[in-house]
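Containing TSV, C-alpha atoms and all ligand atoms: start-v8.tsv.
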```tsv
chain	number	residue	atom	x	y	z
A	29	MET	CA	-42.03	-35.37	10.06
A	30	GLU	CA	-45.80	-35.63	10.40
A	31	ASP	CA	-47.75	-38.46	8.78
A	32	THR	CA	-49.86	-37.44	5.83
A	33	TRP	CA	-52.30	-39.02	3.37
A	34	VAL	CA	-51.00	-39.61	-0.17
A	35	TRP	CA	-52.57	-40.95	-3.38
A	36	HIS	CA	-50.10	-43.58	-4.53
A	37	HIS	CA	-51.66	-44.02	-7.99
A	38	GLU	CA	-50.34	-40.65	-9.10
A	39	VAL	CA	-46.67	-39.61	-9.33
A	40	LYS	CA	-47.28	-36.33	-7.49
A	41	TRP	CA	-49.32	-38.20	-4.85
A	42	ILE	CA	-52.25	-35.84	-5.33
A	43	PHE	CA	-55.76	-37.25	-5.47
A	44	THR	CA	-57.89	-36.37	-8.53
A	45	VAL	CA	-61.44	-37.50	-9.21
A	46	LYS	CA	-60.52	-37.92	-12.89
A	47	LEU	CA	-57.88	-40.55	-12.16
A	48	ALA	CA	-60.03	-42.22	-9.49
A	49	TYR	CA	-62.82	-42.60	-12.05
A	50	ARG	CA	-60.44	-44.10	-14.64
A	51	LEU	CA	-59.12	-46.56	-12.05
A	52	ALA	CA	-62.64	-47.54	-10.99
A	53	ARG	CA	-63.56	-48.22	-14.64
A	54	LYS	CA	-60.37	-50.23	-15.12
A	55	PHE	CA	-61.00	-52.38	-12.03
A	56	GLU	CA	-64.60	-52.88	-13.08
A	57	ARG	CA	-63.50	-54.13	-16.52
A	58	ILE	CA	-61.00	-56.52	-14.89
A	59	ASN	CA	-63.64	-57.86	-12.49
A	60	ILE	CA	-66.09	-58.42	-15.33
A	61	ALA	CA	-63.43	-60.15	-17.44
A	62	GLU	CA	-62.61	-62.43	-14.51
A	63	GLY	CA	-66.27	-63.08	-13.81
A	64	SER	CA	-65.98	-61.81	-10.27
A	65	HIS	CA	-68.16	-58.72	-10.43
A	66	ARG	CA	-69.68	-58.05	-7.02
A	67	ASP	CA	-73.22	-58.23	-8.39
A	68	GLY	CA	-73.78	-59.89	-11.71
A	69	ARG	CA	-77.23	-58.33	-11.94
A	70	ASP	CA	-75.64	-54.87	-12.27
A	71	GLN	CA	-74.58	-55.69	-15.80
A	72	ASP	CA	-77.93	-57.20	-16.79
A	73	PHE	CA	-80.28	-54.63	-15.31
A	74	ASN	CA	-81.92	-52.48	-17.95
A	75	TRP	CA	-81.96	-48.95	-16.51
A	76	ASN	CA	-84.29	-47.84	-19.27
A	77	TYR	CA	-86.98	-49.69	-17.35
A	78	ILE	CA	-86.78	-46.92	-14.77
A	79	TRP	CA	-86.39	-43.93	-17.07
A	80	SER	CA	-89.33	-45.03	-19.23
A	81	ALA	CA	-91.56	-46.11	-16.31
A	82	PRO	CA	-95.18	-44.87	-16.34
A	83	CYS	CA	-94.75	-42.43	-13.45
A	84	PRO	CA	-93.59	-38.83	-12.79
A	85	ALA	CA	-89.87	-37.95	-12.91
A	86	LYS	CA	-89.54	-37.60	-9.13
A	87	ILE	CA	-90.71	-41.21	-8.72
A	88	LYS	CA	-88.23	-42.38	-11.36
A	89	GLN	CA	-85.49	-40.81	-9.26
A	90	PHE	CA	-86.86	-42.61	-6.20
A	91	LEU	CA	-86.83	-45.92	-8.11
A	92	TRP	CA	-83.24	-45.26	-9.21
A	93	ARG	CA	-82.21	-44.82	-5.57
A	94	PHE	CA	-84.27	-47.89	-4.62
A	95	ALA	CA	-82.40	-49.94	-7.26
A	96	HIS	CA	-79.05	-48.71	-5.95
A	97	ASN	CA	-80.08	-49.45	-2.36
A	98	SER	CA	-79.17	-45.84	-1.56
A	99	LEU	CA	-82.36	-44.65	0.17
A	100	PRO	CA	-81.55	-43.21	3.62
A	101	LEU	CA	-82.98	-46.15	5.54
A	102	ARG	CA	-81.90	-46.39	9.16
A	103	MET	CA	-79.83	-49.58	8.71
A	104	SER	CA	-78.09	-48.05	5.69
A	105	ILE	CA	-77.26	-44.92	7.69
A	106	ARG	CA	-75.88	-47.06	10.51
A	107	ARG	CA	-73.77	-49.07	8.03
A	108	ARG	CA	-72.21	-45.80	6.90
A	109	GLY	CA	-70.95	-45.23	10.42
A	110	VAL	CA	-73.63	-42.96	11.85
A	111	ASP	CA	-74.65	-43.87	15.39
A	112	CYS	CA	-78.43	-43.71	15.04
A	113	GLU	CA	-81.53	-45.63	16.02
A	114	THR	CA	-82.14	-48.52	13.61
A	115	CYS	CA	-85.65	-49.67	14.42
A	116	CYS	CA	-88.41	-49.07	11.87
A	117	PRO	CA	-90.05	-45.67	12.52
A	118	VAL	CA	-93.46	-47.06	11.50
A	119	CYS	CA	-93.80	-50.24	13.58
A	120	ARG	CA	-90.95	-49.56	16.04
A	121	ARG	CA	-90.33	-53.29	16.34
A	122	LEU	CA	-87.60	-54.43	13.90
A	123	ASN	CA	-84.59	-52.94	12.15
A	124	GLU	CA	-85.42	-50.82	9.14
A	125	ASP	CA	-83.87	-52.03	5.89
A	126	GLY	CA	-85.41	-52.13	2.43
A	127	GLY	CA	-86.88	-55.60	2.80
A	128	HIS	CA	-88.53	-54.70	6.07
A	129	LEU	CA	-89.85	-51.30	5.04
A	130	PHE	CA	-91.33	-52.29	1.69
A	131	LEU	CA	-92.27	-55.95	2.20
A	132	HIS	CA	-92.21	-57.31	5.72
A	133	CYS	CA	-93.23	-54.55	8.16
A	134	LYS	CA	-96.57	-55.45	9.70
A	135	PHE	CA	-97.95	-52.08	8.59
A	136	VAL	CA	-96.96	-52.68	4.97
A	137	ARG	CA	-98.20	-56.26	4.84
A	138	ASN	CA	-101.69	-54.89	5.59
A	139	VAL	CA	-101.49	-52.80	2.43
A	140	TRP	CA	-100.21	-55.63	0.25
A	141	ARG	CA	-103.06	-57.79	1.52
A	142	THR	CA	-105.58	-56.58	-1.06
A	143	PRO	CA	-106.74	-58.94	-3.85
A	144	ASP	CA	-104.84	-57.10	-6.60
A	145	MET	CA	-101.62	-56.74	-4.65
A	146	GLU	CA	-101.25	-59.91	-2.61
A	147	PRO	CA	-99.99	-62.04	-5.56
A	148	GLU	CA	-97.41	-59.34	-6.36
A	149	HIS	CA	-96.25	-59.31	-2.74
A	150	ALA	CA	-95.82	-63.09	-2.74
A	151	LEU	CA	-93.62	-62.88	-5.84
A	152	LEU	CA	-91.65	-59.85	-4.65
A	153	THR	CA	-90.72	-61.53	-1.36
A	154	ARG	CA	-88.90	-64.19	-3.42
A	155	CYS	CA	-86.75	-61.60	-5.20
A	156	ASN	CA	-83.10	-61.33	-4.30
A	157	GLY	CA	-82.59	-57.60	-3.80
A	158	PRO	CA	-84.05	-54.34	-5.12
A	159	LYS	CA	-83.00	-54.77	-8.76
A	160	ALA	CA	-84.66	-58.17	-8.92
A	161	MET	CA	-87.79	-56.61	-7.38
A	162	LEU	CA	-87.85	-53.92	-10.04
A	163	GLU	CA	-87.24	-56.46	-12.81
A	164	HIS	CA	-90.29	-58.33	-11.59
A	165	ILE	CA	-92.40	-55.17	-11.35
A	166	PHE	CA	-91.40	-54.00	-14.84
A	167	SER	CA	-92.23	-57.41	-16.28
A	168	ARG	CA	-95.84	-57.12	-15.12
A	169	PRO	CA	-98.81	-55.78	-17.17
A	170	THR	CA	-99.25	-51.99	-17.00
A	171	LYS	CA	-101.93	-51.99	-14.29
A	172	GLN	CA	-99.98	-54.14	-11.82
A	173	LYS	CA	-96.75	-52.34	-12.70
A	174	ILE	CA	-98.25	-48.95	-11.87
A	175	LEU	CA	-99.88	-50.28	-8.72
A	176	CYS	CA	-96.57	-51.63	-7.39
A	177	ILE	CA	-94.74	-48.39	-8.21
A	178	ALA	CA	-97.48	-46.34	-6.48
A	179	MET	CA	-97.24	-48.70	-3.53
A	180	LEU	CA	-93.47	-48.30	-3.08
A	181	TRP	CA	-93.62	-44.52	-3.54
A	182	THR	CA	-96.53	-44.04	-1.12
A	183	ARG	CA	-94.91	-46.27	1.47
A	184	TRP	CA	-91.71	-44.24	1.25
A	185	ASN	CA	-93.59	-40.95	1.67
A	186	VAL	CA	-95.66	-42.17	4.59
A	187	ARG	CA	-92.53	-43.51	6.25
A	188	ASN	CA	-90.74	-40.17	5.80
A	189	LYS	CA	-93.63	-38.25	7.38
A	190	ILE	CA	-93.71	-40.58	10.38
A	191	ASN	CA	-89.91	-40.52	10.60
A	192	ALA	CA	-90.09	-36.71	10.79
A	193	GLY	CA	-92.76	-36.87	13.49
A	194	GLU	CA	-95.37	-35.35	11.18
A	195	GLY	CA	-97.96	-38.08	10.89
A	196	VAL	CA	-99.41	-41.33	12.11
A	197	TYR	CA	-100.06	-44.49	10.14
A	198	ASN	CA	-103.58	-44.81	8.76
A	199	LEU	CA	-104.29	-47.91	6.65
A	200	ASP	CA	-107.33	-46.48	4.84
A	201	ASP	CA	-105.49	-43.28	3.97
A	202	VAL	CA	-102.47	-45.20	2.66
A	203	CYS	CA	-104.63	-47.47	0.48
A	204	PHE	CA	-106.57	-44.48	-0.83
A	205	ARG	CA	-103.36	-42.66	-1.78
A	206	ILE	CA	-101.98	-45.69	-3.59
A	207	TRP	CA	-105.12	-46.20	-5.65
A	208	ARG	CA	-105.50	-42.49	-6.41
A	209	SER	CA	-101.88	-42.28	-7.59
A	210	ALA	CA	-102.20	-45.47	-9.65
A	211	ILE	CA	-105.32	-44.17	-11.39
A	212	GLU	CA	-103.65	-40.82	-12.11
A	213	TYR	CA	-100.51	-42.40	-13.58
A	214	GLU	CA	-102.53	-44.90	-15.59
A	215	LYS	CA	-104.72	-42.19	-17.10
A	216	PHE	CA	-101.82	-39.94	-17.89
A	217	PHE	CA	-99.47	-42.53	-19.35
A	218	LEU	CA	-102.07	-44.48	-21.30
A	219	LYS	CA	-103.06	-41.18	-22.88
A	220	GLN	CA	-99.41	-40.59	-23.73
A	221	GLU	CA	-99.10	-44.04	-25.28
A	222	LYS	CA	-102.15	-43.36	-27.42
A	223	LEU	CA	-100.54	-40.20	-28.66
A	224	ALA	CA	-97.47	-42.31	-29.45
A	225	GLN	CA	-95.31	-40.01	-27.42
A	226	PRO	CA	-92.71	-41.69	-25.23
A	227	PRO	CA	-92.74	-40.56	-21.57
A	228	PRO	CA	-90.35	-37.65	-21.08
A	229	THR	CA	-86.99	-38.35	-19.49
A	230	SER	CA	-85.31	-35.71	-17.41
A	231	CYS	CA	-82.22	-35.65	-19.64
A	232	SER	CA	-80.34	-37.65	-22.24
A	233	LEU	CA	-77.74	-40.25	-21.22
A	234	PRO	CA	-74.02	-39.58	-21.70
A	235	ASP	CA	-71.66	-41.63	-23.83
A	236	GLU	CA	-69.71	-44.50	-22.31
A	237	THR	CA	-66.69	-42.44	-21.24
A	238	CYS	CA	-68.64	-39.84	-19.25
A	239	LEU	CA	-70.98	-39.50	-16.30
A	240	ASN	CA	-74.03	-37.25	-16.34
A	241	ILE	CA	-74.44	-35.29	-13.08
A	242	ASN	CA	-77.71	-33.49	-12.24
A	243	ILE	CA	-77.74	-31.24	-9.18
A	244	ASP	CA	-80.59	-29.23	-7.68
A	245	GLY	CA	-81.18	-27.40	-4.44
A	246	SER	CA	-83.37	-24.87	-2.68
A	247	PHE	CA	-83.13	-22.46	0.25
A	248	ASP	CA	-85.79	-20.84	2.43
A	249	ALA	CA	-84.46	-17.50	3.68
A	250	GLY	CA	-87.25	-17.28	6.26
A	251	THR	CA	-86.32	-20.46	8.10
A	252	ARG	CA	-82.67	-20.34	6.97
A	253	SER	CA	-82.97	-23.98	5.92
A	254	GLY	CA	-82.36	-25.68	2.64
A	255	GLY	CA	-81.74	-28.92	0.90
A	256	TRP	CA	-79.98	-30.30	-2.12
A	257	GLY	CA	-79.60	-33.52	-4.04
A	258	PHE	CA	-77.87	-35.04	-7.01
A	259	ILE	CA	-78.04	-37.96	-9.39
A	260	ILE	CA	-75.05	-39.36	-11.28
A	261	ARG	CA	-75.83	-41.61	-14.25
A	262	ASP	CA	-73.67	-43.56	-16.66
A	263	HIS	CA	-74.37	-44.38	-20.31
A	264	GLN	CA	-76.83	-47.12	-19.26
A	265	GLY	CA	-78.71	-44.80	-16.87
A	266	GLY	CA	-77.32	-46.70	-13.87
B	301	ZN	ZN	-91.79	-51.74	10.50
```

In structure tokens, how does this file's structure come out?
Amino acid sequence: MEDTWVWHHEVKWIFTVKLAYRLARKFERINIAEGSHRDGRDQDFNWNYIWSAPCPAKIKQFLWRFAHNSLPLRMSIRRRGVDCETCCPVCRRLNEDGGHLFLHCKFVRNVWRTPDMEPEHALLTRCNGPKAMLEHIFSRPTKQKILCIAMLWTRWNVRNKINAGEGVYNLDDVCFRIWRSAIEYEKFFLKQEKLAQPPPTSCSLPDETCLNINIDGSFDAGTRSGGWGFIIRDHQGG
């Protein structure tokens, strides 16, 4: 008889996502009750910070992935078992993880080294992980908050271009893009606040027993290439 995989939590030994989700929720409740949750900050982090941030929806999705440490950084890809190069595509000196890409890379330190941003950089380097970084950013006055968000988003875009072999690093251009984005977001969202209209969220959050799944994709028939993505959120937006 050949060996075969079975799902021992179910009497028929058949895996179902529904039961896996229930088990995950059960184990999470047990861990919380025993005070052994893998990351205590998960329970404290206010996801509404992200969904009400003064920036466009695509950047909120980026921040959500940043908070979950799920951006496709080279070290993260390697940790998932893919045999790939791990050095930073921008400086080509050190391994690329979130701390390096957004805070410590020599090409990003140049950008943080402006009078408005240097104090933020000093505080962010003391944060323990991406959620703590976002908590700091969202605790700042609107101007600094927007500047930090524009900084992270621009850095990620520049990195992706270089990673795809489509660009070279230019400090002046990066700084210009950050400031232009920050001014645009500030204008737009301050105007919204004046009109007493909360920033739009992409969709409402589900109740505690459900997950909300958003999927989107596109396909170019000419190049026969496409892409897709998804976001799964719980009742807290996490
Ligand atoms: Zn680097």

- prompt: If you count all atoms listed in the file, which residues fall within 6 Å of region 71-81 of chain A, apart from same-chain ones fewer than 5 positions away, as a PyMOL selection string?
  reply: chain A and resi 88+265-266

Export C-alpha atoms of the chosen residues as a PDB file, in the coordinates of the input?
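Below is the file that was written, selection.pdb:
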```
ATOM      1  CA  LYS A  88     -88.230 -42.380 -11.360  1.00  0.00           C
ATOM      2  CA  GLY A 265     -78.710 -44.800 -16.870  1.00  0.00           C
ATOM      3  CA  GLY A 266     -77.320 -46.700 -13.870  1.00  0.00           C
TER       4      GLY A 266
END
```

Per-residue nearest contacts region 68-145 of chain A to region 178-199 of chain A, cut-off 7 Å, using all atoms listed in the file, as a Markdown table:
```
| residue | atom | partner | partner_atom | distance |
| --- | --- | --- | --- | --- |
| A:Ile87 | CA | A:Trp181 | CA | 6.8 |
| A:Pro117 | CA | A:Asn191 | CA | 5.5 |
| A:Val118 | CA | A:Arg187 | CA | 6.4 |
| A:Phe130 | CA | A:Leu180 | CA | 6.6 |
```

- prompt: Please, what distance in Å, to one decimal, runs between CA of Gly255 (chain A) and CA of Val45 (chain A)?
  reply: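 Spanning CA of Gly255 (chain A) to CA of Val45 (chain A) is a straight-line distance of 24.2 Å.
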
Show me which residues are within 7 Å of ligand ZN 301 (chain B) counting all atoms listed in the file, and format the list as a CSV table (one decimal) with C-alpha atoms, in the frame of the given file.
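Wrote part-v4.csv, looks like this:
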```
chain,number,residue,atom,x,y,z
A,116,CYS,CA,-88.4,-49.1,11.9
A,117,PRO,CA,-90.0,-45.7,12.5
A,118,VAL,CA,-93.5,-47.1,11.5
A,119,CYS,CA,-93.8,-50.2,13.6
A,120,ARG,CA,-91.0,-49.6,16.0
A,121,ARG,CA,-90.3,-53.3,16.3
A,122,LEU,CA,-87.6,-54.4,13.9
A,124,GLU,CA,-85.4,-50.8,9.1
A,128,HIS,CA,-88.5,-54.7,6.1
A,129,LEU,CA,-89.8,-51.3,5.0
A,133,CYS,CA,-93.2,-54.6,8.2
A,134,LYS,CA,-96.6,-55.4,9.7
A,135,PHE,CA,-98.0,-52.1,8.6
```

message: I'd like the interatomic distance between CA of Pro158 (chain A) and CA of Lys46 (chain A), to a tenth of an Å.
response: 29.7 Å

Centre and edge lengths, as AutoDock Vina command-line options, for the axis-aligned box enclosing every listed atom of region 110-114 of chain A with 5 Å of padding on each of the six sides, in Å to one decimal?
```
--center_x -77.9 --center_y -45.7 --center_z 13.9 --size_x 18.5 --size_y 15.6 --size_z 14.2
```

message: Just want the 10 Å neighbourhood of Thr153 (chain A), counted on only C-alpha atoms, with same-chain residues fewer than 2 positions away dropped. Output as a PyMOL selection string.
response: chain A and resi 127+130-132+148-151+155-157+161

Can those selected residues be exported to a file as a PDB file, keeping the file's coordinate frame so that it contains C-alpha atoms?
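Printed below is out.pdb as written:
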```
ATOM      1  CA  GLY A 127     -86.880 -55.600   2.800  1.00  0.00           C
ATOM      2  CA  PHE A 130     -91.330 -52.290   1.690  1.00  0.00           C
ATOM      3  CA  LEU A 131     -92.270 -55.950   2.200  1.00  0.00           C
ATOM      4  CA  HIS A 132     -92.210 -57.310   5.720  1.00  0.00           C
ATOM      5  CA  GLU A 148     -97.410 -59.340  -6.360  1.00  0.00           C
ATOM      6  CA  HIS A 149     -96.250 -59.310  -2.740  1.00  0.00           C
ATOM      7  CA  ALA A 150     -95.820 -63.090  -2.740  1.00  0.00           C
ATOM      8  CA  LEU A 151     -93.620 -62.880  -5.840  1.00  0.00           C
ATOM      9  CA  CYS A 155     -86.750 -61.600  -5.200  1.00  0.00           C
ATOM     10  CA  ASN A 156     -83.100 -61.330  -4.300  1.00  0.00           C
ATOM     11  CA  GLY A 157     -82.590 -57.600  -3.800  1.00  0.00           C
ATOM     12  CA  MET A 161     -87.790 -56.610  -7.380  1.00  0.00           C
TER      13      MET A 161
END
```

field: Point-to-point distance from CA of Lys171 (chain A) to CA of Pro143 (chain A), Å rounded to tenths
entry: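 So the answer is 13.4 Å.
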
- prompt: Which residues, written as a list in words, have at least one atom at most 7 Å from Asp125 (chain A), with only C-alpha atoms counted and residues fewer than 4 positions away on the same chain left out?
  reply: Leu101, Arg102, Met103 and Leu129 of chain A

Would you please take region 184-196 of chain A of the structure in the block above and write N, CA and C atoms to a file as a PDB file, in the first residue's frame?
```
ATOM      1  N   TRP A 184       9.878  51.594  -1.929  1.00  0.00           N
ATOM      2  CA  TRP A 184       9.449  50.288  -2.422  1.00  0.00           C
ATOM      3  C   TRP A 184       9.343  50.302  -3.946  1.00  0.00           C
ATOM      4  N   ASN A 185       8.803  51.376  -4.506  1.00  0.00           N
ATOM      5  CA  ASN A 185       8.663  51.470  -5.963  1.00  0.00           C
ATOM      6  C   ASN A 185      10.010  51.562  -6.663  1.00  0.00           C
ATOM      7  N   VAL A 186      10.885  52.375  -6.112  1.00  0.00           N
ATOM      8  CA  VAL A 186      12.221  52.514  -6.710  1.00  0.00           C
ATOM      9  C   VAL A 186      12.950  51.173  -6.663  1.00  0.00           C
ATOM     10  N   ARG A 187      12.839  50.517  -5.536  1.00  0.00           N
ATOM     11  CA  ARG A 187      13.472  49.194  -5.384  1.00  0.00           C
ATOM     12  C   ARG A 187      12.928  48.205  -6.423  1.00  0.00           C
ATOM     13  N   ASN A 188      11.617  48.223  -6.625  1.00  0.00           N
ATOM     14  CA  ASN A 188      11.019  47.281  -7.580  1.00  0.00           C
ATOM     15  C   ASN A 188      11.499  47.547  -9.007  1.00  0.00           C
ATOM     16  N   LYS A 189      11.635  48.807  -9.361  1.00  0.00           N
ATOM     17  CA  LYS A 189      12.133  49.156 -10.706  1.00  0.00           C
ATOM     18  C   LYS A 189      13.556  48.633 -10.888  1.00  0.00           C
ATOM     19  N   ILE A 190      14.393  48.902  -9.879  1.00  0.00           N
ATOM     20  CA  ILE A 190      15.792  48.462  -9.980  1.00  0.00           C
ATOM     21  C   ILE A 190      15.863  46.940  -9.981  1.00  0.00           C
ATOM     22  N   ASN A 191      15.034  46.316  -9.160  1.00  0.00           N
ATOM     23  CA  ASN A 191      14.994  44.855  -9.070  1.00  0.00           C
ATOM     24  C   ASN A 191      14.615  44.235 -10.420  1.00  0.00           C
ATOM     25  N   ALA A 192      13.769  44.968 -11.182  1.00  0.00           N
ATOM     26  CA  ALA A 192      13.342  44.472 -12.486  1.00  0.00           C
ATOM     27  C   ALA A 192      14.291  44.905 -13.601  1.00  0.00           C
ATOM     28  N   GLY A 193      15.368  45.578 -13.237  1.00  0.00           N
ATOM     29  CA  GLY A 193      16.343  46.023 -14.227  1.00  0.00           C
ATOM     30  C   GLY A 193      15.867  47.191 -15.061  1.00  0.00           C
ATOM     31  N   GLU A 194      14.917  47.980 -14.495  1.00  0.00           N
ATOM     32  CA  GLU A 194      14.327  49.061 -15.293  1.00  0.00           C
ATOM     33  C   GLU A 194      14.770  50.457 -14.860  1.00  0.00           C
ATOM     34  N   GLY A 195      15.685  50.563 -13.956  1.00  0.00           N
ATOM     35  CA  GLY A 195      16.067  51.910 -13.530  1.00  0.00           C
ATOM     36  C   GLY A 195      17.349  51.903 -12.731  1.00  0.00           C
ATOM     37  N   VAL A 196      17.872  53.087 -12.503  1.00  0.00           N
ATOM     38  CA  VAL A 196      19.046  53.239 -11.640  1.00  0.00           C
ATOM     39  C   VAL A 196      18.669  54.188 -10.511  1.00  0.00           C
TER      40      VAL A 196
END
```
